[in-house]
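Each remark here refers to the structure printed beneath this line.
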Amino acid sequence: MLLLTEELGQQVLTADGDSLGRAVELVVPTGDATPAVIRLGIGRGRRVRSWVSWSDVATFERSGVTLRPGALVTDAGAVTIRDQDELWLHRDVLDAQILDADGAQVVRVGDIVLARAGDVLRVVAVEIGTGPVLRRLGFHRWGSRRPSHAITWRDLHLASGHGLAVQLAAKAPRLRTLEPSELAAMIADITTQSAIEVLDAVGPTEAAEALSVLHSDASARLVQALPEPLAAAVVEHMAADDAAAMLRSVPSEHLDRLLVQVGSVRARALRQLLAARPDTAGGLMSTDVRTARPGDSLEEIRARMAADPPPVDGLATVFVVDDDGRPIGVIDIVALITGRAVRGEVSPIPVDMPVDEVIDEFAGRDDLALPVVDGDGRLVGAIAVDDVLGELLAERLPGRHRFRDHLGRLGGPRSRRRTPRRP
Amino acid sequence: MTDDGATVVSAPDAARRLRQARRARLVVIAAVIGPGLLAGLSDDDPAGITTYSVLGADYGYKLLWVLLVSTIALVLFQDLGVRMGVVTGQGLAGLIRQRYGMRLAAMAIIVLVVANIGTTCAEFAGIAAGFELFGVSRYASVPLAAVVVSTLVVRSGFRRVQHVLLGLSAIFVAYVAAGILARPDWGAALRGLVVPRMPLTRDAIVIATATLGTTLAPWGLAFIQSYAVDKRLTPDDLKYSRYDVVTGSMLTGIIGFFVVIACAATLHVSGRKINDAADAAVALRPLAGSTASTLFALGLIGAALLAASILPLSTSYSVSEVVGRPGALNDGVREAPLFYGTFAVVTVLGAGLVLVPGAPLIPILVLSQVLNAVLLLPILALMYGIARDRTLMGEYQASRIAATRYLVTIALIAVCIAALGVLSLT
């Protein structure tokens, strides 16, 4: 195993022993899980003065680099490099921002791990954490004691600068392997412009999932910046309540333009949700509810659920409604599977109940979802347990402003309740 | 709202749309405003006010042009800072690491932290001096200010504090009033502003360099960039954020201008010497009346509180960015020990030094401003390198014309510092 920062900087000698400068850059192609170095840059500091193909490198040791006899050294100014197909390890990767999927945060590359395989030099992983930082500053003993963490090259997601652009151009499918929360952590920490490119690359389904778990301040900002057709597609793919939470922070003129492009049924549901106050049950609920009539058989209900599953797991509850649309029974998921009797008692939540009381309602029961009714007692939506969870955990969602309302966790739930953020 | 572009628009409708468009633009401006205004206003901190007071008391209106040049440089580089933040999504310290590597970034951050601790100390010294003018002991005012400011920033978040701080900084109008009450010689002030004259003495060069250094403080540049990143501005916002930067920088210059003329019209004319801004406030009383003196002292306290809340925060961001965890404030103390550690060290040392009996406060203040000025040159050079880097800035890479402007400014500051070096050696 070799470390980039310890390998760069040594003298590059020709086969005759003439010095050409120092090794300052290694170049790898994109699109490979463990790419092999294809070119060595020679120069000073960061500036590459000349290039030599890796096949012309005879030895690559800490004591020095020697080239093969007759090696072709090209002046960097004389060749045009199509650098959108390759990554320069020193310029584009070392010290650049990447996504640490484990910690769901953007961090910096501390070092790059290389491995020899015969004459080939492959990039295996990057190192993050304070360990490599201390080591590079010369504190080897401290550095080795600090935790360091490697991310394999296969899982590398560059999050800034040229490296991000290159990876976006080459590896959109790789981005799709990220969990929604990981993708959200990434788009929360990069520029709006880059985030849009990332969302565009992963497509509306993944984009919708990522925006759903993002703090609504951040998702609103992004959805406004997206090209309108993509924004509309994303809104269609999001659960109605998540979309409403996001759209609440979008200025009305932009919202009107956006909803015109969204399918009319979805747009109507969203407008209904948006009309409710954000700190009430109406602002928290989802309108996408599965209902049944008193005469329906369990078979029929099961078939309908299978054909059109609810958007979130928490909503896998079917509410039985009477002719006027008032909820009169509940079929929870266990009842649906086992065929157990339908529960006749329902305790509907008024649409204008404050969110704090809704949370208390859930705390006092073990229901996965509760029906929400309007002033006439008619079913207008349902609140699932994960909506409540989202409300309770709003402060922990990625994408919150650092300067503007930081330290929510220290501020605790009280500060959240004063300004409900994820209705 | 019509959803069909071909619809014929009636006159009232068009007027409504125009109003909407105007309102939309105002909304955009309101959304981007903040970084420039806060950074600009916090540049008028006790260290700044002290420097401007001495400039006016010792040299009258003669060196006002230095302030004008500093203000122009401030506009130029704060605008660059915002642009870099918006385009790269990274703070200054993080970008220095990405562009120049770990060692240079570590050196920059160490000097920045030391300079910032010194400057924070200057802010708390300003709080102490300001309250002492009203008969409050520093052993009460300084710890209380440290606790209140940290609690506000850490617990209730910057957004809410920002409004309080901007409200506080309205006290800055006090300086304008104090300047007018001092009945300055407007003609001489105008001449001093546009005609460059430079007495070639060590003291004059020191105060000129200090004026540059305190106006264009490195921590201010780091702060404005982090804040722009945090506001998630997009390149489309740049033309609006320029209003913010220009307004903030102009306010810095205008307030500095009135501080200088307040002291020039009174202290300089009567030949009195002062050591710091509190001296200036006291000295103003018999010359310009007790209202001017009280306003000056109030302005000092407001400015100090504003800067004392921003400095530790800005330092913590710079340190975390270099080590590699930009979003530290979303985490609790346990997840981000470095962030909170830096915040605590800067605040405690800054406030603590002021409370040590017999601590050499004036040398600490002077040294921190010198350090700021010395640090400024390499920071500006590093910013220039980043601005010209195509792989980082893409299509927003600084044009040749812009690059020339930056270089001329950097050269000017280099000349100042070189002159200071030469004169202090001979």
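Ordering of the structure tokens sets the chain letters (A, B, ...), residue numbers begin anew at 1 in every chain, and ligands are numbered from 1 in the order given.
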
### Task
Name the residues in contact with Ala231 in chain A at a cut-off of 10 Å, using only C-alpha atoms, excluding same-chain residues fewer than 3 positions from it; report them as a ChimeraX atom specification.
/A:199-200,204,207-208,222-228,234-237,258-259,261-262

Kindly save the residues from that selection, with all heavy atoms included, as a short mmCIF file (atom, residue, chain, number, x, y, z; two decimals), in the first residue's frame.
data_model
loop_
_atom_site.label_atom_id
_atom_site.label_comp_id
_atom_site.auth_asym_id
_atom_site.auth_seq_id
_atom_site.Cartn_x
_atom_site.Cartn_y
_atom_site.Cartn_z
N LEU A 199 -29.06 15.90 -9.02
CA LEU A 199 -30.46 15.47 -9.06
C LEU A 199 -30.88 15.13 -10.48
O LEU A 199 -31.63 14.18 -10.72
CB LEU A 199 -31.37 16.56 -8.48
CG LEU A 199 -31.21 16.79 -6.97
CD1 LEU A 199 -32.06 17.97 -6.52
CD2 LEU A 199 -31.59 15.54 -6.19
N ASP A 200 -30.38 15.91 -11.42
CA ASP A 200 -30.69 15.66 -12.82
C ASP A 200 -30.10 14.31 -13.25
O ASP A 200 -30.74 13.55 -13.97
CB ASP A 200 -30.11 16.81 -13.66
CG ASP A 200 -30.59 16.76 -15.09
OD1 ASP A 200 -31.75 16.37 -15.29
OD2 ASP A 200 -29.81 17.08 -16.00
N PRO A 204 -35.82 11.61 -11.62
CA PRO A 204 -36.87 12.11 -10.72
C PRO A 204 -37.17 11.20 -9.53
O PRO A 204 -37.44 11.69 -8.44
CB PRO A 204 -38.09 12.26 -11.62
CG PRO A 204 -37.75 11.60 -12.89
CD PRO A 204 -36.27 11.51 -13.01
N ALA A 207 -34.36 11.54 -7.07
CA ALA A 207 -34.34 12.94 -6.64
C ALA A 207 -35.47 13.19 -5.65
O ALA A 207 -35.28 13.85 -4.63
CB ALA A 207 -34.46 13.86 -7.84
N ALA A 208 -36.66 12.62 -5.95
CA ALA A 208 -37.81 12.81 -5.07
C ALA A 208 -37.54 12.20 -3.70
O ALA A 208 -37.85 12.80 -2.67
CB ALA A 208 -39.05 12.17 -5.70
N LEU A 222 -33.91 23.90 -3.61
CA LEU A 222 -33.47 23.11 -4.75
C LEU A 222 -34.58 22.96 -5.78
O LEU A 222 -34.34 23.06 -6.98
CB LEU A 222 -32.99 21.74 -4.28
CG LEU A 222 -31.65 21.79 -3.56
CD1 LEU A 222 -31.33 20.45 -2.93
CD2 LEU A 222 -30.54 22.19 -4.52
N VAL A 223 -35.80 22.72 -5.33
CA VAL A 223 -36.87 22.46 -6.29
C VAL A 223 -37.14 23.72 -7.13
O VAL A 223 -37.53 23.65 -8.29
CB VAL A 223 -38.15 21.93 -5.60
CG1 VAL A 223 -38.98 23.04 -5.00
CG2 VAL A 223 -38.98 21.11 -6.57
N GLN A 224 -36.88 24.90 -6.53
CA GLN A 224 -37.05 26.13 -7.30
C GLN A 224 -35.97 26.28 -8.35
O GLN A 224 -36.17 26.92 -9.38
CB GLN A 224 -36.98 27.35 -6.37
CG GLN A 224 -38.20 27.51 -5.52
CD GLN A 224 -38.03 28.69 -4.59
OE1 GLN A 224 -38.10 29.83 -5.00
NE2 GLN A 224 -37.79 28.40 -3.33
N ALA A 225 -34.81 25.73 -8.05
CA ALA A 225 -33.69 25.90 -8.97
C ALA A 225 -33.70 24.84 -10.08
O ALA A 225 -33.06 25.02 -11.11
CB ALA A 225 -32.37 25.85 -8.20
N LEU A 226 -34.43 23.75 -9.86
CA LEU A 226 -34.47 22.69 -10.88
C LEU A 226 -35.17 23.19 -12.14
O LEU A 226 -36.07 24.03 -12.06
CB LEU A 226 -35.24 21.48 -10.35
CG LEU A 226 -34.55 20.56 -9.35
CD1 LEU A 226 -35.53 19.50 -8.88
CD2 LEU A 226 -33.33 19.90 -9.97
N PRO A 227 -34.80 22.65 -13.31
CA PRO A 227 -35.57 22.94 -14.52
C PRO A 227 -37.03 22.52 -14.28
O PRO A 227 -37.26 21.47 -13.66
CB PRO A 227 -34.93 22.07 -15.59
CG PRO A 227 -33.65 21.59 -15.03
CD PRO A 227 -33.69 21.74 -13.55
N GLU A 228 -37.99 23.33 -14.77
CA GLU A 228 -39.38 23.09 -14.37
C GLU A 228 -39.92 21.69 -14.67
O GLU A 228 -40.59 21.10 -13.81
CB GLU A 228 -40.29 24.18 -14.93
CG GLU A 228 -40.40 25.32 -13.92
CD GLU A 228 -41.14 26.51 -14.46
OE1 GLU A 228 -41.94 26.35 -15.40
OE2 GLU A 228 -40.91 27.62 -13.94
N VAL A 234 -40.39 15.57 -10.12
CA VAL A 234 -39.98 15.27 -8.76
C VAL A 234 -41.16 15.41 -7.81
O VAL A 234 -41.40 14.55 -6.95
CB VAL A 234 -38.81 16.20 -8.34
CG1 VAL A 234 -38.59 16.14 -6.84
CG2 VAL A 234 -37.54 15.82 -9.07
N VAL A 235 -41.93 16.49 -7.98
CA VAL A 235 -43.09 16.71 -7.12
C VAL A 235 -44.09 15.56 -7.28
O VAL A 235 -44.68 15.09 -6.30
CB VAL A 235 -43.77 18.07 -7.44
CG1 VAL A 235 -45.10 18.19 -6.73
CG2 VAL A 235 -42.84 19.21 -7.05
N GLU A 236 -44.27 15.06 -8.50
CA GLU A 236 -45.18 13.93 -8.73
C GLU A 236 -44.71 12.67 -8.01
O GLU A 236 -45.51 11.87 -7.55
CB GLU A 236 -45.26 13.62 -10.23
CG GLU A 236 -45.79 14.75 -11.06
CD GLU A 236 -47.15 14.44 -11.65
OE1 GLU A 236 -47.77 13.47 -11.18
OE2 GLU A 236 -47.58 15.15 -12.58
N HIS A 237 -43.38 12.51 -7.94
CA HIS A 237 -42.85 11.29 -7.33
C HIS A 237 -42.78 11.35 -5.81
O HIS A 237 -42.57 10.33 -5.18
CB HIS A 237 -41.44 10.99 -7.89
CG HIS A 237 -41.48 10.34 -9.23
ND1 HIS A 237 -41.55 11.06 -10.40
CD2 HIS A 237 -41.46 9.04 -9.60
CE1 HIS A 237 -41.56 10.24 -11.43
NE2 HIS A 237 -41.51 9.00 -10.97
N LEU A 258 -45.15 26.09 -11.07
CA LEU A 258 -44.75 24.70 -10.93
C LEU A 258 -45.97 23.77 -10.94
O LEU A 258 -45.99 22.75 -11.63
CB LEU A 258 -43.97 24.54 -9.61
CG LEU A 258 -43.39 23.18 -9.28
CD1 LEU A 258 -42.44 22.74 -10.38
CD2 LEU A 258 -42.65 23.23 -7.96
N LEU A 259 -47.01 24.16 -10.21
CA LEU A 259 -48.17 23.27 -10.09
C LEU A 259 -48.92 23.11 -11.41
O LEU A 259 -49.59 22.11 -11.62
CB LEU A 259 -49.12 23.77 -8.98
CG LEU A 259 -48.60 23.55 -7.56
CD1 LEU A 259 -49.62 23.99 -6.53
CD2 LEU A 259 -48.22 22.09 -7.33
N GLN A 261 -47.58 22.51 -14.11
CA GLN A 261 -46.92 21.41 -14.82
C GLN A 261 -47.14 20.06 -14.15
O GLN A 261 -46.83 19.02 -14.71
CB GLN A 261 -45.42 21.67 -14.89
CG GLN A 261 -45.10 23.00 -15.53
CD GLN A 261 -43.87 22.92 -16.40
OE1 GLN A 261 -43.33 21.84 -16.64
NE2 GLN A 261 -43.44 24.06 -16.89
N VAL A 262 -47.64 20.11 -12.90
CA VAL A 262 -47.88 18.86 -12.17
C VAL A 262 -49.26 18.36 -12.55
O VAL A 262 -50.16 19.16 -12.82
CB VAL A 262 -47.80 19.14 -10.65
CG1 VAL A 262 -48.17 17.92 -9.85
CG2 VAL A 262 -46.41 19.62 -10.28
#

Could you give me, as a JSON list (two decimals) with all heavy atoms, in the first residue's frame, the residues within 10 Å of Val106 in chain A, counting only C-alpha atoms and dropping anything in the same chain fewer than 5 positions from it?
[["chain", "number", "residue", "atom", "x", "y", "z"],
["A", 96, "ALA", "N", -10.01, 17.39, -1.85],
["A", 96, "ALA", "CA", -11.32, 17.79, -2.39],
["A", 96, "ALA", "C", -12.41, 17.25, -1.46],
["A", 96, "ALA", "O", -12.17, 16.39, -0.61],
["A", 96, "ALA", "CB", -11.50, 17.23, -3.79],
["A", 97, "GLN", "N", -13.64, 17.78, -1.63],
["A", 97, "GLN", "CA", -14.75, 17.33, -0.81],
["A", 97, "GLN", "C", -15.36, 16.07, -1.41],
["A", 97, "GLN", "O", -15.54, 15.98, -2.63],
["A", 97, "GLN", "CB", -15.81, 18.42, -0.74],
["A", 97, "GLN", "CG", -15.35, 19.63, 0.05],
["A", 97, "GLN", "CD", -16.42, 20.67, 0.14],
["A", 97, "GLN", "OE1", -16.90, 21.16, -0.86],
["A", 97, "GLN", "NE2", -16.80, 21.03, 1.35],
["A", 98, "ILE", "N", -15.67, 15.11, -0.56],
["A", 98, "ILE", "CA", -16.35, 13.89, -1.00],
["A", 98, "ILE", "C", -17.47, 13.59, -0.02],
["A", 98, "ILE", "O", -17.51, 14.11, 1.08],
["A", 98, "ILE", "CB", -15.39, 12.68, -1.07],
["A", 98, "ILE", "CG1", -14.78, 12.42, 0.32],
["A", 98, "ILE", "CG2", -14.32, 12.88, -2.10],
["A", 98, "ILE", "CD1", -14.18, 11.05, 0.43],
["A", 99, "LEU", "N", -18.35, 12.70, -0.45],
["A", 99, "LEU", "CA", -19.43, 12.27, 0.44],
["A", 99, "LEU", "C", -18.95, 11.09, 1.27],
["A", 99, "LEU", "O", -18.49, 10.09, 0.72],
["A", 99, "LEU", "CB", -20.65, 11.87, -0.37],
["A", 99, "LEU", "CG", -21.76, 11.25, 0.46],
["A", 99, "LEU", "CD1", -22.43, 12.31, 1.31],
["A", 99, "LEU", "CD2", -22.77, 10.56, -0.41],
["A", 100, "ASP", "N", -19.03, 11.21, 2.59],
["A", 100, "ASP", "CA", -18.79, 10.07, 3.46],
["A", 100, "ASP", "C", -20.17, 9.48, 3.74],
["A", 100, "ASP", "O", -20.92, 9.99, 4.57],
["A", 100, "ASP", "CB", -18.10, 10.55, 4.74],
["A", 100, "ASP", "CG", -18.00, 9.44, 5.78],
["A", 100, "ASP", "OD1", -18.20, 8.28, 5.41],
["A", 100, "ASP", "OD2", -17.74, 9.76, 6.95],
["A", 101, "ALA", "N", -20.48, 8.40, 3.02],
["A", 101, "ALA", "CA", -21.84, 7.87, 3.10],
["A", 101, "ALA", "C", -22.15, 7.35, 4.49],
["A", 101, "ALA", "O", -23.26, 7.47, 4.99],
["A", 101, "ALA", "CB", -22.03, 6.77, 2.06],
["A", 157, "HIS", "N", -17.59, 9.39, -4.00],
["A", 157, "HIS", "CA", -18.45, 10.39, -4.64],
["A", 157, "HIS", "C", -17.84, 11.74, -4.41],
["A", 157, "HIS", "O", -17.94, 12.30, -3.32],
["A", 157, "HIS", "CB", -19.86, 10.33, -4.06],
["A", 157, "HIS", "CG", -20.55, 9.05, -4.34],
["A", 157, "HIS", "ND1", -21.17, 8.78, -5.53],
["A", 157, "HIS", "CD2", -20.67, 7.94, -3.59],
["A", 157, "HIS", "CE1", -21.66, 7.56, -5.50],
["A", 157, "HIS", "NE2", -21.37, 7.03, -4.34],
["A", 158, "LEU", "N", -17.18, 12.27, -5.42],
["A", 158, "LEU", "CA", -16.57, 13.59, -5.30],
["A", 158, "LEU", "C", -17.68, 14.62, -5.23],
["A", 158, "LEU", "O", -18.68, 14.53, -5.94],
["A", 158, "LEU", "CB", -15.66, 13.85, -6.48],
["A", 158, "LEU", "CG", -14.36, 13.05, -6.44],
["A", 158, "LEU", "CD1", -13.73, 12.98, -7.82],
["A", 158, "LEU", "CD2", -13.39, 13.66, -5.45],
["A", 159, "ALA", "N", -17.50, 15.62, -4.36],
["A", 159, "ALA", "CA", -18.59, 16.57, -4.14],
["A", 159, "ALA", "C", -18.20, 18.00, -4.47],
["A", 159, "ALA", "O", -18.94, 18.92, -4.15],
["A", 159, "ALA", "CB", -19.08, 16.48, -2.70],
["A", 160, "SER", "N", -17.05, 18.21, -5.06],
["A", 160, "SER", "CA", -16.72, 19.60, -5.38],
["A", 160, "SER", "C", -15.84, 19.70, -6.62],
["A", 160, "SER", "O", -15.16, 18.75, -6.99],
["A", 160, "SER", "CB", -16.02, 20.29, -4.19],
["A", 160, "SER", "OG", -14.78, 19.71, -3.94],
["A", 182, "GLU", "N", -28.23, 9.37, 2.05],
["A", 182, "GLU", "CA", -26.85, 9.69, 1.65],
["A", 182, "GLU", "C", -26.86, 10.75, 0.55],
["A", 182, "GLU", "O", -26.09, 11.71, 0.58],
["A", 182, "GLU", "CB", -26.13, 8.43, 1.16],
["A", 182, "GLU", "CG", -25.98, 7.39, 2.23],
["A", 182, "GLU", "CD", -25.55, 6.03, 1.67],
["A", 182, "GLU", "OE1", -25.53, 5.85, 0.43],
["A", 182, "GLU", "OE2", -25.23, 5.16, 2.47],
["A", 185, "ALA", "N", -27.64, 14.02, 2.09],
["A", 185, "ALA", "CA", -26.50, 14.61, 2.79],
["A", 185, "ALA", "C", -25.56, 15.26, 1.79],
["A", 185, "ALA", "O", -25.00, 16.33, 2.05],
["A", 185, "ALA", "CB", -25.76, 13.53, 3.58],
["A", 186, "MET", "N", -25.41, 14.62, 0.64],
["A", 186, "MET", "CA", -24.50, 15.17, -0.35],
["A", 186, "MET", "C", -25.06, 16.47, -0.94],
["A", 186, "MET", "O", -24.38, 17.49, -0.96],
["A", 186, "MET", "CB", -24.28, 14.14, -1.45],
["A", 186, "MET", "CG", -23.40, 14.65, -2.56],
["A", 186, "MET", "SD", -22.68, 13.26, -3.42],
["A", 186, "MET", "CE", -21.97, 14.06, -4.84],
["A", 187, "ILE", "N", -26.31, 16.44, -1.40],
["A", 187, "ILE", "CA", -26.83, 17.64, -2.07],
["A", 187, "ILE", "C", -27.03, 18.77, -1.07],
["A", 187, "ILE", "O", -27.08, 19.93, -1.45],
["A", 187, "ILE", "CB", -28.12, 17.39, -2.87],
["A", 187, "ILE", "CG1", -29.20, 16.80, -1.98],
["A", 187, "ILE", "CG2", -27.85, 16.51, -4.07],
["A", 187, "ILE", "CD1", -30.51, 16.60, -2.71],
["A", 188, "ALA", "N", -27.11, 18.44, 0.22],
["A", 188, "ALA", "CA", -27.26, 19.50, 1.21],
["A", 188, "ALA", "C", -25.96, 20.28, 1.38],
["A", 188, "ALA", "O", -25.97, 21.44, 1.77],
["A", 188, "ALA", "CB", -27.67, 18.92, 2.55],
["A", 189, "ASP", "N", -24.84, 19.65, 1.09],
["A", 189, "ASP", "CA", -23.56, 20.27, 1.41],
["A", 189, "ASP", "C", -22.81, 20.82, 0.20],
["A", 189, "ASP", "O", -21.69, 21.29, 0.33],
["A", 189, "ASP", "CB", -22.66, 19.26, 2.14],
["A", 189, "ASP", "CG", -22.73, 19.46, 3.64],
["A", 189, "ASP", "OD1", -23.34, 20.46, 4.05],
["A", 189, "ASP", "OD2", -22.17, 18.65, 4.37],
["A", 190, "ILE", "N", -23.39, 20.72, -0.99],
["A", 190, "ILE", "CA", -22.67, 21.24, -2.15],
["A", 190, "ILE", "C", -23.43, 22.45, -2.72],
["A", 190, "ILE", "O", -24.52, 22.76, -2.24],
["A", 190, "ILE", "CB", -22.47, 20.14, -3.23],
["A", 190, "ILE", "CG1", -23.81, 19.60, -3.72],
["A", 190, "ILE", "CG2", -21.63, 19.02, -2.67],
["A", 190, "ILE", "CD1", -23.66, 18.49, -4.74],
["B", 324, "GLY", "N", -11.80, 19.54, 7.61],
["B", 324, "GLY", "CA", -12.59, 18.79, 6.65],
["B", 324, "GLY", "C", -14.03, 18.51, 7.02],
["B", 324, "GLY", "O", -14.66, 17.69, 6.39],
["B", 325, "ARG", "N", -14.56, 19.18, 8.05],
["B", 325, "ARG", "CA", -15.96, 18.93, 8.37],
["B", 325, "ARG", "C", -16.73, 20.23, 8.30],
["B", 325, "ARG", "O", -16.93, 20.89, 9.30],
["B", 325, "ARG", "CB", -16.08, 18.35, 9.78],
["B", 325, "ARG", "CG", -15.29, 17.10, 9.97],
["B", 325, "ARG", "CD", -16.14, 15.91, 10.34],
["B", 325, "ARG", "NE", -17.48, 16.21, 10.72],
["B", 325, "ARG", "CZ", -18.02, 15.79, 11.85],
["B", 325, "ARG", "NH1", -17.32, 15.11, 12.71],
["B", 325, "ARG", "NH2", -19.27, 16.05, 12.10],
["B", 326, "PRO", "N", -17.18, 20.61, 7.11],
["B", 326, "PRO", "CA", -17.75, 21.93, 6.96],
["B", 326, "PRO", "C", -19.05, 22.14, 7.74],
["B", 326, "PRO", "O", -19.31, 23.22, 8.23],
["B", 326, "PRO", "CB", -17.99, 22.06, 5.46],
["B", 326, "PRO", "CG", -18.05, 20.67, 4.95],
["B", 326, "PRO", "CD", -17.21, 19.85, 5.86],
["B", 327, "GLY", "N", -19.86, 21.12, 7.88],
["B", 327, "GLY", "CA", -21.19, 21.33, 8.46],
["B", 327, "GLY", "C", -21.23, 21.16, 9.96],
["B", 327, "GLY", "O", -22.21, 20.69, 10.52]]

request  = Find the spatial neighbours of range 364-369 of chain A, counting only C-alpha atoms, within a cut-off of 7 Å - ignore same-chain residues fewer than 3 positions away - and output them as a ChimeraX atom specification.
outcome  = /A:314-315,317,360-361,382-385

Exercise for the section: Would you mind listing what lies within 8 Å of Leu74 in chain B as a list in words, with only C-alpha atoms counted and same-chain residues fewer than 6 positions away left out? Expected result: Thr215, Leu216 and Ser249 of chain B

Could the residues in this selection be saved with N, CA and C atoms as a short mmCIF file (atom, residue, chain, number, x, y, z; two decimals), in the first residue's frame?
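Written out: out_5.cif:
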data_model
loop_
_atom_site.label_atom_id
_atom_site.label_comp_id
_atom_site.auth_asym_id
_atom_site.auth_seq_id
_atom_site.Cartn_x
_atom_site.Cartn_y
_atom_site.Cartn_z
N THR B 215 -9.50 47.56 8.08
CA THR B 215 -10.65 47.65 7.19
C THR B 215 -10.84 46.35 6.43
N LEU B 216 -9.73 45.82 5.92
CA LEU B 216 -9.79 44.61 5.08
C LEU B 216 -9.30 43.43 5.91
N SER B 249 -19.67 47.55 2.56
CA SER B 249 -18.33 48.14 2.51
C SER B 249 -18.41 49.66 2.58
#

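The residue set within 10 Å of Thr50 in chain B, counting only C-alpha atoms and dropping same-chain residues fewer than 6 places from it, reads Asp44, Gly56, Ala122, Gly126, Thr211, Thr214, Val259, Val260, Ile274, Asn275, Asp276, Ala277, Ala278, Asp279, Ala280, Leu300 and Leu365 of chain B.
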
May I have the residues from that selection written out with C-alpha atoms, as a PDB file, in the first residue's frame?
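Once written, out.pdb looks like this:
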ATOM      1  CA  ASP B  44     -15.951  48.944  12.384  1.00  0.00           C
ATOM      2  CA  GLY B  56      -7.850  61.540  12.648  1.00  0.00           C
ATOM      3  CA  ALA B 122      -9.535  43.796  21.213  1.00  0.00           C
ATOM      4  CA  GLY B 126     -13.590  47.649  23.694  1.00  0.00           C
ATOM      5  CA  THR B 211      -6.098  51.308   8.477  1.00  0.00           C
ATOM      6  CA  THR B 214      -8.331  46.738  10.066  1.00  0.00           C
ATOM      7  CA  VAL B 259     -14.869  58.790  13.121  1.00  0.00           C
ATOM      8  CA  VAL B 260     -11.817  60.322  11.452  1.00  0.00           C
ATOM      9  CA  ILE B 274      -5.092  59.349  22.285  1.00  0.00           C
ATOM     10  CA  ASN B 275      -4.302  55.652  22.717  1.00  0.00           C
ATOM     11  CA  ASP B 276      -7.618  54.025  21.967  1.00  0.00           C
ATOM     12  CA  ALA B 277     -11.238  54.609  21.100  1.00  0.00           C
ATOM     13  CA  ALA B 278     -12.292  55.039  24.738  1.00  0.00           C
ATOM     14  CA  ASP B 279      -9.744  57.852  25.065  1.00  0.00           C
ATOM     15  CA  ALA B 280     -11.322  59.383  22.007  1.00  0.00           C
ATOM     16  CA  LEU B 300     -18.028  51.378  20.660  1.00  0.00           C
ATOM     17  CA  LEU B 365      -4.270  45.056  20.300  1.00  0.00           C
TER      18      LEU B 365
END

Among A:His140, A:Arg46, A:Arg343, A:Arg108, Val93 in chain A is approached most closely, using only C-alpha atoms, by A:Arg108

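Distance check against chain B using only C-alpha atoms: of A:Val372, A:Ala36, A:Ala303, A:Ala195, the minimum falls on A:Ala195.
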
_Give me, as a ChimeraX atom specification, the residues of range 66-248 of chain A that a backbone DSSP run labels alpha helix (DSSP H)._
/A:130-136,140-145,161-170,172-175,180-189,192-202,204-213,216-225,228-237,240-247

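Pairwise distance (CA of Val346 in chain B, CA of Gly256 in chain B) equals 26.4 Å.
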